[in-house]
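Pasted below: input-v8.txt, compact mmCIF, C-alpha atoms.
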```txt
# COMPACT_ATOMS: atom_id res chain seq x y z
CA MET O 1 -8.09 -22.56 6.75
CA SER O 2 -7.16 -20.30 9.63
CA GLY O 3 -5.85 -17.25 7.78
CA ALA O 4 -4.07 -15.77 10.81
CA PRO O 5 -1.88 -17.36 13.46
CA PRO O 6 -3.26 -17.23 17.01
CA GLY O 7 -2.53 -13.86 18.58
CA GLU O 8 -1.51 -12.17 15.34
CA GLY O 9 -2.47 -8.51 15.35
CA LEU O 10 -4.92 -6.95 12.93
CA ALA O 11 -3.93 -4.41 10.33
CA VAL O 12 -6.57 -1.67 10.10
CA TYR O 13 -6.89 0.50 6.99
CA VAL O 14 -8.98 3.70 6.95
CA HIS O 15 -9.74 5.33 3.59
CA TRP O 16 -10.23 9.08 3.21
CA PRO O 17 -11.41 9.46 -0.40
CA PHE O 18 -11.02 13.19 -0.96
CA CYS O 19 -8.33 15.19 -2.75
CA LEU O 20 -7.96 18.83 -3.72
CA SER O 21 -7.43 17.77 -7.34
CA LYS O 22 -7.22 14.53 -9.34
CA CYS O 23 -3.73 13.64 -10.58
CA PRO O 24 -3.69 12.54 -14.25
CA TYR O 25 -2.02 9.18 -13.50
CA CYS O 26 -4.24 8.24 -10.53
CA ASP O 27 -6.79 5.43 -10.67
CA PHE O 28 -7.22 5.25 -6.89
CA ASN O 29 -10.61 5.78 -5.31
CA SER O 30 -10.12 9.52 -4.89
CA HIS O 31 -12.59 12.32 -5.49
CA VAL O 32 -12.72 16.11 -5.55
CA ARG O 33 -15.56 17.76 -3.65
CA GLU O 34 -16.16 21.47 -3.06
CA ARG O 35 -17.51 20.90 0.44
CA ILE O 36 -17.09 18.04 2.92
CA ASP O 37 -19.04 17.62 6.14
CA GLU O 38 -16.11 16.27 8.13
CA VAL O 39 -18.13 15.71 11.29
CA ALA O 40 -20.52 13.44 9.39
CA TRP O 41 -17.62 11.61 7.77
CA ARG O 42 -15.96 11.13 11.14
CA ARG O 43 -19.18 9.60 12.53
CA ALA O 44 -19.43 7.27 9.54
CA LEU O 45 -15.85 6.01 9.83
CA ILE O 46 -16.32 5.36 13.54
CA ALA O 47 -19.63 3.57 12.91
CA GLU O 48 -17.99 1.22 10.44
CA ILE O 49 -15.16 0.48 12.86
CA ASP O 50 -17.86 -0.43 15.42
CA HIS O 51 -19.50 -2.73 12.84
CA PHE O 52 -16.34 -4.72 12.16
CA ALA O 53 -15.34 -4.80 15.82
CA ALA O 54 -18.60 -6.57 16.62
CA ARG O 55 -17.69 -9.23 14.05
CA ALA O 56 -14.05 -9.61 15.02
CA PRO O 57 -13.94 -9.05 18.79
CA GLY O 58 -11.08 -9.88 21.09
CA ARG O 59 -8.31 -9.00 18.65
CA ARG O 60 -5.54 -6.46 18.97
CA ALA O 61 -4.33 -4.02 16.33
CA ALA O 62 -0.70 -4.14 15.22
CA SER O 63 -0.98 -1.32 12.68
CA LEU O 64 -3.32 1.42 11.51
CA PHE O 65 -2.97 3.11 8.12
CA PHE O 66 -4.78 6.24 6.94
CA GLY O 67 -4.78 6.15 3.13
CA GLY O 68 -6.57 7.91 0.33
CA GLY O 69 -7.24 10.15 -1.33
CA THR O 70 -5.40 12.65 0.82
CA PRO O 71 -5.77 11.80 4.51
CA SER O 72 -3.71 14.84 5.51
CA LEU O 73 -6.75 16.91 4.52
CA MET O 74 -8.49 15.43 7.57
CA SER O 75 -8.35 17.39 10.77
CA PRO O 76 -6.14 16.03 13.57
CA GLU O 77 -9.35 15.75 15.62
CA THR O 78 -10.78 13.23 13.16
CA VAL O 79 -7.54 11.26 13.09
CA ALA O 80 -7.47 11.20 16.91
CA ALA O 81 -11.09 10.05 17.09
CA VAL O 82 -10.47 7.17 14.69
CA ILE O 83 -7.32 6.07 16.52
CA ALA O 84 -9.18 6.14 19.84
CA ARG O 85 -12.03 4.05 18.44
CA VAL O 86 -9.67 1.44 17.00
CA ASP O 87 -7.81 1.27 20.31
CA ARG O 88 -11.08 0.90 22.21
CA HIS O 89 -12.12 -2.18 20.21
CA TRP O 90 -8.75 -3.67 19.19
CA PRO O 91 -6.19 -2.39 21.70
CA LEU O 92 -3.18 -1.07 19.83
CA ASP O 93 0.04 -2.93 20.50
CA ASP O 94 2.80 -1.11 22.32
CA GLY O 95 4.73 0.45 19.47
CA ALA O 96 1.91 -0.13 16.98
CA GLU O 97 2.67 1.43 13.61
CA ILE O 98 0.22 4.27 12.85
CA THR O 99 0.80 5.71 9.38
CA LEU O 100 -0.81 8.65 7.62
CA GLU O 101 -0.33 9.54 3.96
CA ALA O 102 0.24 13.22 3.22
CA ASN O 103 0.98 15.55 0.35
CA PRO O 104 4.14 17.60 0.89
CA THR O 105 2.57 21.05 0.73
CA SER O 106 3.23 23.76 3.26
CA VAL O 107 -0.45 23.79 4.24
CA GLU O 108 -0.46 20.11 5.12
CA ALA O 109 2.96 20.30 6.77
CA GLY O 110 1.38 22.78 9.16
CA ARG O 111 -0.80 19.95 10.45
CA PHE O 112 2.01 17.49 11.15
CA GLU O 113 2.34 18.41 14.84
CA GLY O 114 -1.41 17.89 15.26
CA PHE O 115 -1.23 14.47 13.63
CA ARG O 116 1.67 13.50 15.87
CA ALA O 117 -0.29 14.60 18.93
CA ALA O 118 -3.24 12.53 17.70
CA GLY O 119 -1.08 9.40 17.74
CA VAL O 120 0.41 9.12 14.23
CA ASN O 121 4.00 7.90 14.41
CA ARG O 122 4.81 7.26 10.74
CA LEU O 123 4.25 9.63 7.80
CA SER O 124 4.22 8.66 4.13
CA LEU O 125 4.77 11.66 1.84
CA GLY O 126 3.63 11.69 -1.80
CA VAL O 127 6.66 13.55 -3.16
CA GLN O 128 6.50 11.68 -6.53
CA ALA O 129 9.45 13.50 -8.17
CA LEU O 130 12.46 15.65 -7.35
CA ASP O 131 12.14 17.62 -10.56
CA ASP O 132 9.82 20.60 -10.96
CA ARG O 133 9.02 19.91 -14.60
CA ALA O 134 8.15 16.29 -13.77
CA LEU O 135 5.93 17.43 -10.89
CA ARG O 136 3.99 19.68 -13.24
CA PHE O 137 3.63 16.80 -15.71
CA LEU O 138 2.32 14.58 -12.90
CA GLY O 139 -0.23 17.22 -11.90
CA ARG O 140 1.19 17.73 -8.44
CA ALA O 141 0.39 20.87 -6.45
CA HIS O 142 3.85 21.22 -4.92
CA GLY O 143 7.32 22.00 -6.19
CA VAL O 144 10.61 20.41 -5.20
CA ASP O 145 11.53 23.10 -2.66
CA GLU O 146 8.15 22.83 -0.95
CA ALA O 147 8.44 19.03 -0.86
CA LEU O 148 11.91 19.17 0.69
CA ALA O 149 10.70 21.65 3.30
CA ALA O 150 7.75 19.40 4.18
CA LEU O 151 10.06 16.40 4.38
CA ALA O 152 12.32 18.25 6.82
CA VAL O 153 9.30 19.08 9.01
CA ALA O 154 8.14 15.46 8.83
CA ARG O 155 11.52 14.09 9.88
CA ALA O 156 11.63 16.49 12.82
CA THR O 157 8.10 15.50 13.87
CA PHE O 158 7.65 11.75 13.34
CA ASP O 159 9.61 8.72 14.44
CA ARG O 160 9.45 7.23 10.95
CA VAL O 161 9.09 8.83 7.51
CA SER O 162 8.71 7.39 4.03
CA PHE O 163 8.18 9.04 0.68
CA ASP O 164 7.10 7.99 -2.80
CA LEU O 165 8.67 8.61 -6.19
CA ILE O 166 7.34 7.76 -9.64
CA TYR O 167 9.89 6.83 -12.32
CA ALA O 168 9.85 5.53 -15.91
CA ARG O 169 8.29 8.82 -16.88
CA PRO O 170 8.16 9.79 -20.57
CA GLY O 171 11.56 11.05 -21.69
CA GLN O 172 13.30 10.07 -18.44
CA THR O 173 16.77 8.70 -19.14
CA LEU O 174 18.70 6.22 -17.05
CA ALA O 175 21.18 8.98 -16.12
CA ASP O 176 18.31 11.27 -15.07
CA TRP O 177 16.84 8.60 -12.81
CA ARG O 178 20.18 7.66 -11.29
CA ALA O 179 20.75 11.28 -10.32
CA GLU O 180 17.21 11.75 -8.96
CA LEU O 181 17.28 8.52 -6.98
CA GLY O 182 20.71 9.33 -5.59
CA ARG O 183 19.39 12.67 -4.39
CA ALA O 184 16.39 10.95 -2.79
CA LEU O 185 18.58 8.45 -0.95
CA ALA O 186 20.85 11.24 0.29
CA LEU O 187 17.87 12.72 2.13
CA GLY O 188 18.29 9.90 4.64
CA THR O 189 14.76 8.52 5.10
CA GLU O 190 14.53 4.90 6.17
CA HIS O 191 11.90 3.90 3.60
CA LEU O 192 11.20 4.70 -0.06
CA SER O 193 8.32 3.55 -2.27
CA LEU O 194 9.45 3.67 -5.90
CA TYR O 195 6.78 3.03 -8.53
CA GLN O 196 7.08 2.77 -12.28
CA LEU O 197 4.55 4.99 -14.01
CA THR O 198 1.70 2.85 -15.31
CA ILE O 199 -0.98 4.10 -17.68
CA GLU O 200 -4.23 3.01 -16.08
CA PRO O 201 -7.62 2.89 -17.88
CA GLY O 202 -9.93 5.74 -16.98
CA THR O 203 -7.15 8.19 -16.14
CA ALA O 204 -6.26 11.39 -17.96
CA PHE O 205 -2.91 9.86 -18.90
CA HIS O 206 -4.69 6.93 -20.52
CA ALA O 207 -6.62 9.31 -22.77
CA ARG O 208 -3.40 11.12 -23.69
CA ALA O 209 -1.62 7.85 -24.44
CA ALA O 210 -4.52 6.70 -26.62
CA ARG O 211 -4.13 9.70 -28.89
CA GLY O 212 -0.32 9.47 -28.92
CA ALA O 213 0.30 12.54 -26.78
CA LEU O 214 2.07 10.52 -24.07
CA VAL O 215 4.60 7.77 -24.76
CA PRO O 216 6.06 5.99 -21.72
CA PRO O 217 9.39 4.14 -21.94
CA ASP O 218 9.24 0.81 -23.75
CA GLY O 219 9.64 -2.48 -21.92
CA ASP O 220 13.41 -2.71 -22.32
CA ALA O 221 13.97 0.87 -21.12
CA ALA O 222 11.62 0.32 -18.15
CA ALA O 223 13.51 -2.88 -17.25
CA ARG O 224 16.82 -1.02 -17.25
CA LEU O 225 15.35 1.63 -14.96
CA TYR O 226 14.01 -1.08 -12.64
CA ASP O 227 17.36 -2.90 -12.51
CA ALA O 228 19.20 0.34 -11.77
CA THR O 229 16.73 1.06 -8.97
CA GLN O 230 17.48 -2.26 -7.31
CA GLU O 231 21.23 -1.83 -7.65
CA ILE O 232 21.35 1.77 -6.38
CA CYS O 233 19.05 1.21 -3.42
CA ALA O 234 20.82 -1.97 -2.32
CA ALA O 235 24.18 -0.19 -2.43
CA ALA O 236 22.70 2.59 -0.28
CA GLY O 237 21.43 0.17 2.39
CA ARG O 238 17.81 0.40 1.22
CA PRO O 239 17.29 -2.97 -0.51
CA ALA O 240 13.93 -3.91 -1.98
CA TYR O 241 11.90 -5.96 0.48
CA GLU O 242 8.95 -5.85 -1.95
CA ILE O 243 8.87 -5.09 -5.67
CA SER O 244 8.35 -1.34 -5.25
CA ASN O 245 9.35 -0.79 -1.61
CA HIS O 246 12.83 -0.27 -0.22
CA ALA O 247 13.89 0.08 3.39
CA ALA O 248 16.73 -0.07 5.81
CA PRO O 249 16.65 -3.37 7.74
CA GLY O 250 13.88 -3.18 10.35
CA ALA O 251 12.24 -0.13 8.75
CA GLU O 252 9.81 -2.00 6.51
CA SER O 253 6.15 -0.96 6.56
CA ARG O 254 4.65 -3.38 9.06
CA HIS O 255 1.15 -2.55 7.87
CA ASN O 256 1.85 -3.41 4.25
CA LEU O 257 3.74 -6.54 5.28
CA ALA O 258 0.50 -7.74 6.85
CA TYR O 259 -1.13 -7.63 3.41
CA TRP O 260 1.76 -9.26 1.58
CA ARG O 261 2.09 -11.97 4.21
CA GLY O 262 -1.61 -12.80 3.99
CA GLY O 263 -2.63 -11.62 7.45
CA ASP O 264 -6.02 -10.44 8.62
CA TYR O 265 -6.91 -6.83 7.94
CA VAL O 266 -9.95 -4.59 8.24
CA GLY O 267 -10.76 -2.02 5.55
CA VAL O 268 -12.89 0.97 6.59
CA GLY O 269 -14.21 3.64 4.24
CA PRO O 270 -15.29 3.98 0.59
CA GLY O 271 -13.90 1.25 -1.64
CA ALA O 272 -11.86 -0.36 1.14
CA HIS O 273 -11.19 -4.10 1.11
CA GLY O 274 -10.67 -6.42 4.05
CA ARG O 275 -9.78 -10.02 4.89
CA LEU O 276 -10.91 -11.54 8.18
CA THR O 277 -10.75 -15.04 9.57
CA LEU O 278 -14.26 -15.86 10.77
CA ASP O 279 -15.23 -19.34 12.00
CA GLY O 280 -12.00 -20.70 10.55
CA ARG O 281 -12.62 -19.36 7.04
CA ALA O 282 -11.04 -16.45 5.19
CA VAL O 283 -13.75 -13.91 4.36
CA ALA O 284 -13.25 -11.03 1.92
CA PHE O 285 -15.09 -7.73 2.34
CA ARG O 286 -15.49 -4.91 -0.15
CA GLN O 287 -17.07 -1.55 0.60
CA HIS O 288 -19.20 0.62 -1.66
CA ARG O 289 -16.79 2.64 -3.79
CA ALA O 290 -18.63 5.94 -4.33
CA PRO O 291 -18.19 8.15 -1.25
CA GLU O 292 -21.78 9.31 -1.02
CA THR O 293 -23.13 5.79 -1.58
CA TRP O 294 -20.86 4.43 1.12
CA ARG O 295 -21.80 7.10 3.64
CA ALA O 296 -25.51 6.70 2.99
CA ALA O 297 -25.18 2.94 3.54
CA VAL O 298 -23.34 3.48 6.83
CA GLU O 299 -25.97 5.94 8.03
CA ARG O 300 -28.68 3.47 7.08
CA ALA O 301 -27.17 0.14 8.14
CA GLY O 302 -24.10 0.90 10.23
CA HIS O 303 -21.66 -0.22 7.54
CA GLY O 304 -20.87 0.30 3.86
CA VAL O 305 -20.13 -3.31 2.94
CA ARG O 306 -21.10 -4.02 -0.64
CA GLU O 307 -19.80 -7.58 -0.86
CA ARG O 308 -18.92 -10.28 1.64
CA ARG O 309 -17.44 -13.46 0.19
CA THR O 310 -16.00 -16.59 1.78
CA LEU O 311 -12.87 -17.43 -0.19
CA THR O 312 -12.51 -20.87 -1.71
CA ARG O 313 -9.30 -22.74 -1.09
CA ALA O 314 -8.21 -22.13 -4.70
CA ALA O 315 -8.83 -18.39 -4.34
CA ARG O 316 -6.88 -18.26 -1.10
CA VAL O 317 -3.97 -20.22 -2.62
CA ALA O 318 -3.80 -17.75 -5.51
CA GLU O 319 -4.04 -14.75 -3.21
CA VAL O 320 -1.33 -15.90 -0.81
CA LEU O 321 1.04 -16.62 -3.68
CA MET O 322 0.29 -13.40 -5.58
CA MET O 323 0.96 -11.31 -2.51
CA GLY O 324 3.77 -13.32 -0.96
CA LEU O 325 5.92 -13.61 -4.07
CA ARG O 326 6.06 -9.82 -4.26
CA LEU O 327 8.29 -9.99 -1.18
CA ALA O 328 12.01 -10.64 -1.33
CA GLU O 329 11.50 -13.15 1.49
CA GLY O 330 8.90 -15.03 -0.54
CA VAL O 331 6.41 -17.47 0.99
CA SER O 332 7.39 -19.87 3.73
CA PHE O 333 5.92 -23.37 3.78
CA ALA O 334 4.59 -22.78 7.30
CA ARG O 335 2.91 -19.47 6.47
CA PHE O 336 1.43 -20.85 3.26
CA ARG O 337 -0.16 -23.78 5.08
CA ASP O 338 -1.53 -21.48 7.77
CA ARG O 339 -2.96 -18.99 5.30
CA ALA O 340 -4.20 -21.31 2.57
CA GLY O 341 -5.04 -24.38 4.65
CA VAL O 342 -3.04 -26.75 2.47
CA ALA O 343 0.62 -27.63 2.00
CA LEU O 344 2.28 -25.68 -0.79
CA ASP O 345 3.49 -28.81 -2.57
CA ARG O 346 -0.08 -30.09 -2.70
CA ALA O 347 -1.47 -26.79 -3.94
CA LEU O 348 0.85 -26.41 -6.92
CA ASP O 349 1.62 -28.49 -9.97
CA PRO O 350 5.07 -29.92 -9.12
CA ALA O 351 6.14 -30.00 -12.77
CA ARG O 352 5.32 -26.31 -13.27
CA LEU O 353 7.10 -25.36 -10.07
CA ALA O 354 10.15 -27.44 -11.03
CA ALA O 355 10.26 -25.79 -14.46
CA LEU O 356 10.18 -22.30 -12.95
CA ILE O 357 12.95 -23.26 -10.53
CA GLU O 358 14.99 -24.67 -13.41
CA SER O 359 14.50 -21.47 -15.40
CA GLY O 360 15.85 -19.38 -12.55
CA LEU O 361 12.61 -17.50 -11.86
CA ILE O 362 11.84 -19.18 -8.51
CA ALA O 363 14.22 -20.31 -5.78
CA ARG O 364 13.37 -22.96 -3.22
CA ASP O 365 15.05 -23.80 0.05
CA ALA O 366 14.15 -25.49 3.34
CA ARG O 367 12.08 -22.45 4.40
CA GLY O 368 9.91 -21.96 1.32
CA ILE O 369 9.88 -20.42 -2.15
CA ARG O 370 10.61 -16.95 -3.45
CA ALA O 371 10.78 -15.19 -6.77
CA THR O 372 14.37 -14.49 -7.79
CA ALA O 373 15.43 -11.05 -8.97
CA ALA O 374 14.70 -12.20 -12.52
CA GLY O 375 11.36 -13.62 -11.44
CA ARG O 376 10.21 -10.42 -9.72
CA ARG O 377 10.92 -8.54 -12.94
CA VAL O 378 8.32 -10.69 -14.74
CA LEU O 379 6.14 -11.52 -11.76
CA ASP O 380 2.78 -11.30 -13.51
CA ALA O 381 3.83 -13.83 -16.14
CA LEU O 382 5.46 -16.02 -13.48
CA LEU O 383 2.26 -16.12 -11.42
CA ALA O 384 0.13 -16.86 -14.48
CA GLU O 385 2.32 -19.88 -15.19
CA LEU O 386 2.50 -21.03 -11.58
CA LEU O 387 -1.27 -20.85 -11.09
CA ALA O 388 -2.33 -22.14 -14.50
```
Could you take the file, read its structure, and then write that structure out as structure tokens?
Amino acid sequence: MSGAPPGEGLAVYVHWPFCLSKCPYCDFNSHVRERIDEVAWRRALIAEIDHFAARAPGRRAASLFFGGGTPSLMSPETVAAVIARVDRHWPLDDGAEITLEANPTSVEAGRFEGFRAAGVNRLSLGVQALDDRALRFLGRAHGVDEALAALAVARATFDRVSFDLIYARPGQTLADWRAELGRALALGTEHLSLYQLTIEPGTAFHARAARGALVPPDGDAAARLYDATQEICAAAGRPAYEISNHAAPGAESRHNLAYWRGGDYVGVGPGAHGRLTLDGRAVAFRQHRAPETWRAAVERAGHGVRERRTLTRAARVAEVLMMGLRLAEGVSFARFRDRAGVALDRALDPARLAALIESGLIARDARGIRATAAGRRVLDALLAELLA
């Protein structure tokens, strides 16, 4: 199995694990620390880039994504150093997408010019709500006015801007969400990431839900909110190209498309994951999750890899389908064969596939297969049936 077409660019992800505070809904690998030795962290990130570059030489980078945590807490100098090191090993394509996630506070907005000068050309803002009461509930450090001011600075500074919203919040009505989403679309950004609130184990919200202090919308209410989201965004010229991501045509996140299309990517930093094609096989990498453990490993061995695993064909088939069917475009026969090393019709039970097509959950044409609008609404169940 090749995993990546010849000449296809790498996607490079860099994880900054630190936040000023932990949001009650967040189960990401993010941590609060009183003091951070940024110079030491910069050295460690660069060392791990060097490690992977030695194992995947001769490639080029199509995208670079700084995620977290809160990467906008990094100094522009660290961001510039990482970009330069990636470009040294995997020359960045002309027009490569370089994204940095940021919180929309006035303090972080003050760094936007520095990030632009460092080479960032796309900013992703964690707005999360356009309602002050909802922002307090979500544990955010900003208010609506501060978020809108930061968004205005971002749009004046970067070529491309996206922002996130969380919906299906407790007590949120369909009318409330329609009004909030309409306001968000009127702000004119080319890309929106719209996530339903999920109650994840280990979070503060999970503890509240367990004792009955937090009750999210039931399944039917959440489905109505999801359907309205699709309808409103499509009418505004921001259709869903992935289950939770909406963009004007041509404004999709090229970095995230690399994941969903099963391309090669390098993950650098605590808890990061990667997929690389090495000697014709797809190899999965996973880094140590705890920041201090990861950094100590890098300082000792030059990398923080905790697990390296060559994927079986069955694992790769499942992965390509699970990621690809999130996309409105679905999975093409050609891409599936390239990624999984086997024809799609040979990888799947034809009777199961036919039944899902008959039920209206999957559509098939000469190009490939895709989940229908109804299928994306129940994608987890659809995949469980398809891969059974």
Next on the checklist: Would you pick out the contacts of segment 47-62 of chain O at 6 Å or less, using all atoms listed in the file, so that residues sharing its chain but fewer than 3 positions from it are not included, and give the list as number ranges by chain?
Outcome noted: O: 9-11, 44, 90-93, 96, 302-303
### Message
Please determine, counting only C-alpha atoms, which residue among O:Phe336, O:Tyr25, O:Trp294, O:Trp16 has the shortest atom-to-atom distance to Gly202 of chain O.
### Response
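Using only C-alpha atoms, the shortest distance to Gly202 of chain O belongs to O:Tyr25.
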| message | I'd like to know which of O:Ala221, O:Met322, O:Ala297, O:Ala315 is closest to Arg261 of chain O, using all atoms listed in the file. | response |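 Between O:Ala221, O:Met322, O:Ala297, O:Ala315, the residue approaching Arg261 of chain O most closely is O:Met322.
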Pairwise distance, atom CA of Asn256 of chain O with atom CA of Glu146 of chain O, equals 27.5 Å
ask   = Which polymer residues, protein or nucleic acid, are no farther than 8 Å from (15.2, -0.6, 3.0), counting only C-alpha atoms, as a ChimeraX atom specification?
value = /O:190-192,233-234,237-241,245-252
If we count only C-alpha atoms and set the cut-off at 9 Å, which residues sit around Glu77 of chain O, ignoring sequence neighbours fewer than 5 positions away in its own chain? Please answer as an NGL selection string. :O and (82 or 114-115 or 118)
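Among O:Ala355, O:Met323, O:Ala179, O:Leu125, the residue with the shortest atom-to-atom distance to Phe158 of chain O, counting all atoms listed in the file, is O:Leu125.
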note - atom CA of Arg289 of chain O and atom CA of Asn29 of chain O are separated by 7.1 Å
Can you work out the spacing between atom CA of Asp218 of chain O and atom CA of Ala168 of chain O in Å, to one decimal?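 A separation of 9.2 Å between them.
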Using only C-alpha atoms, the shortest atom-to-atom distance to Glu108 of chain O among O:Leu73, O:Val283, O:Gly212, O:Arg352 belongs to O:Leu73
Find the residues around segment 361-374 of chain O up to 8 Å (all atoms listed in the file counted), leave out those fewer than 2 positions away in its own chain, and share them as a PyMOL selection string. chain O and resi 325-333+353+356-359+376-379+382
